[in-house]
Amino acid sequence: MALARSTEVYRSVSPCYEGVFIPRGTLIIPNVWQCNHDPALYGADAAHFNPGRFLDKAGGLVPGSADAREDGHMAYGYGRQACVDKNVANNSLFVDMTTLLWAMKFESKRDAEGMRSLWMSTVSSVTRWSGARPVPFSCHVAPCFPEATGMLAEARELQR
C-alpha cells in the first residue's frame, strides 16, 4: 500500500492549464468570490441574496452541484486545503440561527406613515477582503415571548 501511495504522490502531472504553463511550486490563489457567484451554477441572479435557490419545492435542501461541492458553495475551500472544521461551523450556524428565529421576531421598521418597507437589500456589498456582507439596514428585533431575552442571556453565560 505504501508503494501505491508513493507512486500517486510522485506521478508526473501536466504543468499546463488551458494552455498556460504553471511552474512546479507555484502558489495558486483561486477567486472563491467569483466561484460562489458564478451565474452558470447559481443562475442569473447569482449576486442576489436568495436562500430559495438552495431549496426544492418541498422546502428541503437541494444537493449542491458537483462544481459547487456538496455544500452548494466553496467558502470552506476544497481539496486537501479544505477547512477541516466546516461541519462544526455549519452546525454552529444552524444552532445559532434557529435559536434566534425561535426566540426573536425580526421585522422591518415602520416609516412615518406606519408602513413597513423593504428592510434588507437582496444584493451583497463586496468588502475589500474576500467576503461579502449585506448593506446596512434597519430592523426591529423583539422577543417572541417574555422569557426569551432571559433564556438567551443565560445561554450566553453558559458559553463563556
# chains A, B, ... in the order shown; residues from 1 in each chain; ligands from 1
call {"tool": "residues_around", "arguments": {"residues": "Thr149 of chain A", "least_positions_apart": "4", "cutoff": "8 Å", "atoms": "only C-alpha atoms", "output": "PyMOL selection string"}}
result
chain A and resi 103+143+153
call {"tool": "atom_distance", "arguments": {"atom1": "atom CA of Ala46 of chain A", "atom2": "atom CA of Trp33 of chain A"}}
result
11.1 Å
call {"tool": "select_by_dssp", "arguments": {"residues": "segment 9-76 of chain A", "states": "helix (DSSP H, G or I)", "output": "PyMOL selection string"}}
result
chain A and resi 9-10+32-35+39-42+51-54+66-68
call {"tool": "write_last_selection", "arguments": {"atoms": "C-alpha atoms", "output": "PDB file, in the first residue's frame"}}
result
ATOM      1  CA  VAL A   9       2.397  11.328  -4.860  1.00  0.00           C
ATOM      2  CA  TYR A  10       5.319  11.324  -7.298  1.00  0.00           C
ATOM      3  CA  VAL A  32     -13.538  31.978  -4.360  1.00  0.00           C
ATOM      4  CA  TRP A  33     -15.832  35.009  -4.505  1.00  0.00           C
ATOM      5  CA  GLN A  34     -16.272  34.527  -8.246  1.00  0.00           C
ATOM      6  CA  CYS A  35     -16.757  30.779  -7.802  1.00  0.00           C
ATOM      7  CA  PRO A  39     -24.203  32.540 -12.980  1.00  0.00           C
ATOM      8  CA  ALA A  40     -23.693  29.144 -14.626  1.00  0.00           C
ATOM      9  CA  LEU A  41     -24.132  27.484 -11.200  1.00  0.00           C
ATOM     10  CA  TYR A  42     -26.399  29.887  -9.336  1.00  0.00           C
ATOM     11  CA  PRO A  51     -31.842  31.273   0.008  1.00  0.00           C
ATOM     12  CA  GLY A  52     -34.630  29.775  -2.121  1.00  0.00           C
ATOM     13  CA  ARG A  53     -32.104  28.739  -4.756  1.00  0.00           C
ATOM     14  CA  PHE A  54     -30.922  26.032  -2.340  1.00  0.00           C
ATOM     15  CA  ALA A  66     -20.563  18.720  -8.412  1.00  0.00           C
ATOM     16  CA  ASP A  67     -18.999  22.023  -9.452  1.00  0.00           C
ATOM     17  CA  ALA A  68     -20.069  23.723  -6.209  1.00  0.00           C
TER      18      ALA A  68
END
